[in-house]
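What follows is upload13.csv (CSV, C-alpha atoms and all ligand atoms).
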```
chain,number,residue,atom,x,y,z
A,170,GLU,CA,114.4,70.9,187.1
A,171,ARG,CA,112.8,69.9,183.8
A,172,THR,CA,111.6,66.3,183.4
A,173,TYR,CA,110.6,64.7,180.1
A,174,TYR,CA,108.7,61.4,180.0
A,175,ILE,CA,109.0,59.8,176.5
A,176,THR,CA,107.1,56.7,175.4
A,177,ARG,CA,106.0,55.0,172.3
A,178,HIS,CA,102.3,54.4,171.7
A,179,GLY,CA,100.9,51.1,173.0
A,180,GLN,CA,101.2,48.1,170.6
A,181,SER,CA,99.4,48.9,167.3
A,182,GLU,CA,97.7,46.5,164.9
A,183,TYR,CA,100.6,47.1,162.5
A,184,ASN,CA,103.2,46.3,165.2
A,185,LEU,CA,101.4,42.9,165.5
A,186,LEU,CA,101.6,42.3,161.8
A,187,GLY,CA,105.2,43.6,161.5
A,188,LYS,CA,104.2,46.3,159.1
A,189,ILE,CA,105.8,49.7,159.2
A,190,GLY,CA,104.1,53.2,159.2
A,191,GLY,CA,100.4,53.4,158.4
A,192,ASP,CA,97.8,54.8,160.7
A,193,SER,CA,96.4,51.8,162.5
A,194,GLY,CA,94.8,51.8,165.9
A,195,ILE,CA,96.1,50.0,169.0
A,196,SER,CA,95.6,46.4,169.9
A,197,ALA,CA,94.1,45.0,173.1
A,198,ASN,CA,97.6,44.8,174.5
A,199,GLY,CA,98.1,48.4,173.5
A,200,THR,CA,94.9,49.4,175.2
A,201,GLU,CA,96.2,47.8,178.4
A,202,TYR,CA,99.3,49.9,178.1
A,203,ALA,CA,97.2,53.0,177.6
A,204,ARG,CA,95.4,52.3,180.9
A,205,ARG,CA,98.6,51.7,182.8
A,206,LEU,CA,100.2,54.8,181.3
A,207,ALA,CA,97.2,56.9,182.4
A,208,LYS,CA,97.6,55.6,186.0
A,209,PHE,CA,101.3,56.4,185.9
A,210,ALA,CA,100.7,59.9,184.5
A,211,LYS,CA,98.1,60.7,187.2
A,212,GLU,CA,100.1,59.4,190.1
A,213,LYS,CA,103.7,59.9,189.1
A,214,ILE,CA,103.7,62.9,186.7
A,215,GLY,CA,100.6,64.9,187.7
A,216,THR,CA,101.0,64.6,191.5
A,217,LYS,CA,103.7,65.7,193.9
A,218,THR,CA,104.1,64.8,197.6
A,219,VAL,CA,104.5,68.0,199.7
A,220,ILE,CA,104.4,68.9,203.3
A,221,ASP,CA,101.3,70.8,204.3
A,222,LYS,CA,102.2,74.1,205.9
A,223,GLU,CA,99.4,74.0,208.4
A,224,THR,CA,99.5,70.4,209.6
A,225,GLY,CA,103.1,69.5,208.8
A,226,LYS,CA,101.9,66.3,207.2
A,227,GLU,CA,102.6,64.9,203.8
A,228,ILE,CA,99.9,65.5,201.3
A,229,GLN,CA,99.4,64.8,197.6
A,230,LYS,CA,99.2,67.9,195.4
A,231,LYS,CA,98.2,68.1,191.8
A,232,VAL,CA,100.8,69.9,189.7
A,233,PRO,CA,100.9,71.3,186.2
A,234,ALA,CA,101.9,68.8,183.5
A,235,ARG,CA,101.8,68.8,179.7
A,236,LEU,CA,101.0,66.1,177.2
A,237,TRP,CA,102.1,65.9,173.6
A,238,THR,CA,101.1,63.3,171.0
A,239,SER,CA,101.6,62.9,167.3
A,240,THR,CA,98.6,63.3,164.9
A,241,LEU,CA,98.5,59.5,164.3
A,242,CYS,CA,95.7,57.3,165.7
A,243,ARG,CA,98.0,55.1,167.7
A,244,THR,CA,99.4,57.9,169.9
A,245,LYS,CA,96.0,59.6,170.4
A,246,GLU,CA,94.5,56.2,171.4
A,247,THR,CA,97.3,55.7,173.8
A,248,ALA,CA,96.5,59.0,175.5
A,249,GLN,CA,92.8,58.3,175.7
A,250,PHE,CA,92.6,57.4,179.4
A,251,ILE,CA,94.7,60.3,180.6
A,252,GLU,CA,92.4,62.7,182.3
A,253,HIS,CA,92.7,66.3,181.4
A,254,GLU,CA,91.2,68.5,184.0
A,255,GLU,CA,91.3,72.2,184.8
A,256,PHE,CA,92.5,73.0,188.3
A,257,GLU,CA,93.9,75.8,190.3
A,258,ALA,CA,97.7,75.4,190.1
A,259,GLU,CA,99.9,76.9,192.7
A,260,TRP,CA,103.3,78.1,191.4
A,261,ASP,CA,106.6,78.2,193.3
A,262,ASN,CA,106.3,81.9,193.8
A,263,GLY,CA,102.9,81.5,195.4
A,264,ASP,CA,100.9,82.7,192.4
A,265,LYS,CA,97.8,80.7,191.5
A,266,SER,CA,96.2,80.3,188.1
A,267,LEU,CA,94.0,77.9,186.2
A,268,TRP,CA,95.8,75.1,184.4
A,269,VAL,CA,94.6,72.2,182.3
A,270,GLN,CA,96.7,69.3,183.3
A,271,PHE,CA,97.5,67.0,180.4
A,272,ARG,CA,95.7,69.1,177.8
A,273,GLN,CA,96.3,67.0,174.7
A,274,ASN,CA,98.6,68.8,172.2
A,275,GLU,CA,98.9,67.1,168.8
A,276,ARG,CA,102.0,67.8,166.9
A,277,ARG,CA,102.6,66.8,163.3
A,278,ASN,CA,106.3,66.9,163.6
A,279,LEU,CA,106.0,64.1,166.1
A,280,ASP,CA,104.6,61.8,163.4
A,281,GLU,CA,106.7,58.7,162.6
A,282,ILE,CA,109.2,58.5,159.8
A,283,TYR,CA,107.2,58.4,156.6
A,284,ALA,CA,108.3,55.3,154.5
A,285,GLY,CA,106.7,56.6,151.2
A,286,THR,CA,106.3,53.7,148.7
A,287,CYS,CA,107.2,51.2,151.5
A,288,ASP,CA,104.6,52.5,153.9
A,289,GLY,CA,102.5,49.5,155.2
A,290,MET,CA,105.0,46.8,154.1
A,291,THR,CA,106.9,44.4,156.3
A,292,TYR,CA,110.7,44.5,156.3
A,293,LYS,CA,110.7,41.2,154.5
A,294,GLU,CA,108.3,42.5,151.8
A,295,ILE,CA,110.6,45.5,151.3
A,296,GLU,CA,113.6,43.3,151.0
A,297,GLU,CA,111.9,41.1,148.4
A,298,THR,CA,110.3,43.9,146.4
A,299,TYR,CA,113.0,46.5,146.5
A,300,PRO,CA,116.3,44.7,147.3
A,301,GLU,CA,118.5,47.7,146.4
A,302,GLU,CA,116.5,50.0,148.6
A,303,PHE,CA,116.7,47.6,151.5
A,304,ALA,CA,120.5,47.3,151.1
A,305,ALA,CA,120.9,51.0,150.7
A,306,ARG,CA,119.1,51.6,154.0
A,307,GLN,CA,121.3,49.1,155.8
A,308,GLU,CA,124.4,50.8,154.4
A,309,ASP,CA,123.5,54.3,155.6
A,310,LYS,CA,120.4,54.4,157.8
A,311,LEU,CA,120.8,58.1,158.7
A,312,SER,CA,120.8,59.5,155.2
A,313,TYR,CA,118.7,56.8,153.5
A,314,ARG,CA,115.4,58.3,152.2
A,315,TYR,CA,112.5,56.0,151.4
A,316,PRO,CA,111.3,56.5,147.8
A,317,ARG,CA,108.8,59.4,148.1
A,318,GLY,CA,109.3,59.2,151.9
A,319,GLU,CA,111.7,60.4,154.6
A,320,SER,CA,115.1,59.7,156.1
A,321,TYR,CA,116.3,60.0,159.7
A,322,MET,CA,118.1,63.1,158.6
A,323,ASP,CA,114.8,64.6,157.3
A,324,MET,CA,113.1,63.8,160.6
A,325,THR,CA,116.0,65.4,162.5
A,326,LEU,CA,115.4,68.6,160.6
A,327,ARG,CA,111.7,68.6,161.1
A,328,LEU,CA,112.1,68.1,164.8
A,329,GLU,CA,114.3,71.1,165.3
A,330,PRO,CA,111.5,73.6,166.0
A,331,LEU,CA,110.1,71.1,168.5
A,332,ALA,CA,113.5,70.9,170.3
A,333,HIS,CA,113.1,74.7,170.8
A,334,ASP,CA,109.7,74.2,172.5
A,335,LEU,CA,111.1,71.4,174.5
A,336,GLU,CA,113.7,73.6,176.1
A,337,ARG,CA,111.1,76.2,176.9
A,338,SER,CA,108.7,74.0,178.7
A,339,ARG,CA,109.2,74.2,182.5
A,340,GLU,CA,106.5,71.8,183.5
A,341,PRO,CA,106.9,68.0,183.3
A,342,LEU,CA,106.1,66.9,179.8
A,343,LEU,CA,104.8,63.5,178.6
A,344,ILE,CA,105.4,62.8,174.9
A,345,ILE,CA,103.6,59.9,173.3
A,346,ALA,CA,105.2,59.3,169.9
A,347,HIS,CA,107.0,56.7,167.9
A,348,GLN,CA,110.2,54.6,167.7
A,349,GLY,CA,112.0,56.7,165.1
A,350,ILE,CA,111.0,60.0,166.6
A,351,HIS,CA,112.1,59.0,170.1
A,352,ARG,CA,115.4,57.8,168.9
A,353,ILE,CA,116.1,61.3,167.7
A,354,LEU,CA,114.8,63.0,170.8
A,355,TYR,CA,116.7,60.6,173.0
A,356,ALA,CA,120.0,61.2,171.1
A,357,TYR,CA,119.4,64.9,171.4
A,358,PHE,CA,119.1,64.8,175.2
A,359,MET,CA,121.8,62.3,175.7
A,360,GLY,CA,124.3,64.0,173.4
A,361,LEU,CA,124.6,61.0,171.0
A,362,THR,CA,125.7,61.6,167.4
A,363,ARG,CA,123.3,61.8,164.5
A,364,GLU,CA,124.8,58.5,163.2
A,365,GLU,CA,124.0,56.7,166.5
A,366,ALA,CA,120.4,57.9,166.7
A,367,PRO,CA,118.8,55.4,164.2
A,368,TYR,CA,120.0,52.5,166.3
A,369,VAL,CA,118.9,53.6,169.8
A,370,LYS,CA,116.6,51.0,171.5
A,371,ILE,CA,113.2,52.4,172.3
A,372,PRO,CA,111.1,49.4,173.3
A,373,LEU,CA,107.3,49.3,173.5
A,374,ASN,CA,105.7,49.5,177.0
A,375,HIS,CA,108.4,51.6,178.6
A,376,ILE,CA,108.6,55.1,179.8
A,377,ILE,CA,112.0,56.8,179.4
A,378,ILE,CA,112.4,59.5,182.0
A,379,LEU,CA,115.0,62.2,181.1
A,380,LYS,CA,116.2,64.9,183.4
A,381,PRO,CA,118.7,67.3,181.7
A,382,HIS,CA,121.3,68.8,184.1
A,383,ALA,CA,124.3,71.0,183.7
A,384,TYR,CA,126.7,68.3,182.5
A,385,GLY,CA,124.4,65.9,180.6
A,386,CYS,CA,121.1,64.1,181.2
A,387,HIS,CA,119.9,61.7,183.8
A,388,GLU,CA,118.0,58.7,182.5
A,389,GLU,CA,115.6,56.2,184.0
A,390,ARG,CA,113.5,53.6,182.3
A,391,VAL,CA,110.2,52.3,183.7
A,392,CYS,CA,108.6,49.2,182.3
A,393,LEU,CA,104.8,49.3,182.7
A,394,MET,CA,104.2,45.8,181.3
A,395,PRO,CA,106.1,42.9,179.8
B,1,LIG,O1,107.8,49.3,163.3
B,1,LIG,C1,107.4,50.4,164.0
B,1,LIG,C2,108.0,51.7,163.4
B,1,LIG,O2,107.7,52.8,164.2
B,1,LIG,C3,107.7,51.9,161.9
B,1,LIG,O3,106.5,52.7,161.7
B,1,LIG,C4,108.9,52.7,161.5
B,1,LIG,O4,109.1,52.7,160.1
B,1,LIG,C5,110.0,52.0,162.2
B,1,LIG,O5,109.5,51.6,163.4
B,1,LIG,C6,111.3,52.8,162.4
B,1,LIG,O6,112.3,52.0,162.8
B,1,LIG,P1,113.5,51.6,161.8
B,1,LIG,O7,114.0,53.0,161.4
B,1,LIG,O8,114.4,50.8,162.6
B,1,LIG,O9,112.9,50.9,160.6
```

Can the structure from this file be put into structure tokens for me?
Ligand code: F6P
Amino acid sequence: ERTYYITRHGQSEYNLLGKIGGDSGISANGTEYARRLAKFAKEKIGTKTVIDKETGKEIQKKVPARLWTSTLCRTKETAQFIEHEEFEAEWDNGDKSLWVQFRQNERRNLDEIYAGTCDGMTYKEIEETYPEEFAARQEDKLSYRYPRGESYMDMTLRLEPLAHDLERSREPLLIIAHQGIHRILYAYFMGLTREEAPYVKIPLNHIIILKPHAYGCHEERVCLMP
């Protein structure tokens, strides 16, 4: 059974200012989230409780797990406390091999929607400076493309190759990315329409756990801090 853990980066300096896009670092609050996420990753994703064959007792066993981030500072900083360590992994068929748990894999197609000319502005500034653009986006959020930037549709297309890799990954996978990106990934797993995707709620400080099965996808949300 495949399990995906998707989360936004911890609160960024731009989140605090209400600015979109950019490449700011995380705030003190975001750093606290990063610490909690590392604990969660180690204990809940990278460890499994199994019965020891010799003693019959429950033991904690380290299991293979993957980590993907975008190429932006805020997701890499959110991953900073997650330990990546080589260990001897034991597979279901009894084979053993070396595996680097949570080896950080940066993917450009996980970068947030690029807002072009509006990058680094607040929604209020966009509304005041480019009222027609602001209105057009409200009219059709899926196809609206920021001047010199991207639309949700553009992001959907650039995420397609990644969806292929997602399906292939057998090990639990933690993806630290962004609000817009996770809306699309979430819609993909949950079978929502492209039109619904731009409105999915992906709050900060939560991990969304997705387990695809034959008839759909099971979802659980864990809040690591208020
Ligand atoms: O505000 C955080 C953020 O990730 C921005 O960088 C991005 O432009 C925005 O969310 C995407 O959300 P929406 O499509 O609702 O503007």

Which of these, A:Ile189, A:Leu279, A:Leu343, A:Met359, has the shortest distance to ligand LIG 1 (chain B) once you count only C-alpha atoms and all ligand atoms?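 The closest residue to ligand LIG 1 (chain B) is A:Ile189.
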
7 Å from ligand LIG 1 (chain B) is the threshold here; counting only C-alpha atoms and all ligand atoms, which polymer residues fall inside it? Answer as a PyMOL selection string. chain A and resi 184+187-191+281-284+347-349+367-368

Mind writing the picked residues with C-alpha atoms as a compact mmCIF listing (two decimals), keeping the file's coordinate frame?
```txt
# COMPACT_ATOMS: atom_id res chain seq x y z
CA ASN A 184 103.20 46.30 165.20
CA GLY A 187 105.20 43.60 161.50
CA LYS A 188 104.20 46.30 159.10
CA ILE A 189 105.80 49.70 159.20
CA GLY A 190 104.10 53.20 159.20
CA GLY A 191 100.40 53.40 158.40
CA GLU A 281 106.70 58.70 162.60
CA ILE A 282 109.20 58.50 159.80
CA TYR A 283 107.20 58.40 156.60
CA ALA A 284 108.30 55.30 154.50
CA HIS A 347 107.00 56.70 167.90
CA GLN A 348 110.20 54.60 167.70
CA GLY A 349 112.00 56.70 165.10
CA PRO A 367 118.80 55.40 164.20
CA TYR A 368 120.00 52.50 166.30
```

Identify the residues within 10 Å of coordinate (117.3, 61.3, 171.7) (same frame as the file), considering all atoms listed in the file, and give the answer as a PDB file with C-alpha atoms, keeping the file's coordinate frame.
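Here's the written file out.pdb:
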```pdb
ATOM      1  CA  ILE A 175     109.000  59.800 176.500  1.00  0.00           C
ATOM      2  CA  GLY A 349     112.000  56.700 165.100  1.00  0.00           C
ATOM      3  CA  ILE A 350     111.000  60.000 166.600  1.00  0.00           C
ATOM      4  CA  HIS A 351     112.100  59.000 170.100  1.00  0.00           C
ATOM      5  CA  ARG A 352     115.400  57.800 168.900  1.00  0.00           C
ATOM      6  CA  ILE A 353     116.100  61.300 167.700  1.00  0.00           C
ATOM      7  CA  LEU A 354     114.800  63.000 170.800  1.00  0.00           C
ATOM      8  CA  TYR A 355     116.700  60.600 173.000  1.00  0.00           C
ATOM      9  CA  ALA A 356     120.000  61.200 171.100  1.00  0.00           C
ATOM     10  CA  TYR A 357     119.400  64.900 171.400  1.00  0.00           C
ATOM     11  CA  PHE A 358     119.100  64.800 175.200  1.00  0.00           C
ATOM     12  CA  MET A 359     121.800  62.300 175.700  1.00  0.00           C
ATOM     13  CA  GLY A 360     124.300  64.000 173.400  1.00  0.00           C
ATOM     14  CA  LEU A 361     124.600  61.000 171.000  1.00  0.00           C
ATOM     15  CA  THR A 362     125.700  61.600 167.400  1.00  0.00           C
ATOM     16  CA  ARG A 363     123.300  61.800 164.500  1.00  0.00           C
ATOM     17  CA  GLU A 365     124.000  56.700 166.500  1.00  0.00           C
ATOM     18  CA  ALA A 366     120.400  57.900 166.700  1.00  0.00           C
ATOM     19  CA  PRO A 367     118.800  55.400 164.200  1.00  0.00           C
ATOM     20  CA  VAL A 369     118.900  53.600 169.800  1.00  0.00           C
ATOM     21  CA  ILE A 371     113.200  52.400 172.300  1.00  0.00           C
ATOM     22  CA  LEU A 379     115.000  62.200 181.100  1.00  0.00           C
TER      23      LEU A 379
END
```

Point (99.0, 51.0, 181.1) neighbourhood (12 Å, all atoms listed in the file) written as an MDAnalysis selection string: chainID A and resid 176:180 197:211 246:251 373:376 391:395

Atomic distance atom CA of A:Thr172 - atom CA of A:Glu340, expressed in Å with one decimal: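 Distance reported for this atom pair: 7.5 Å.
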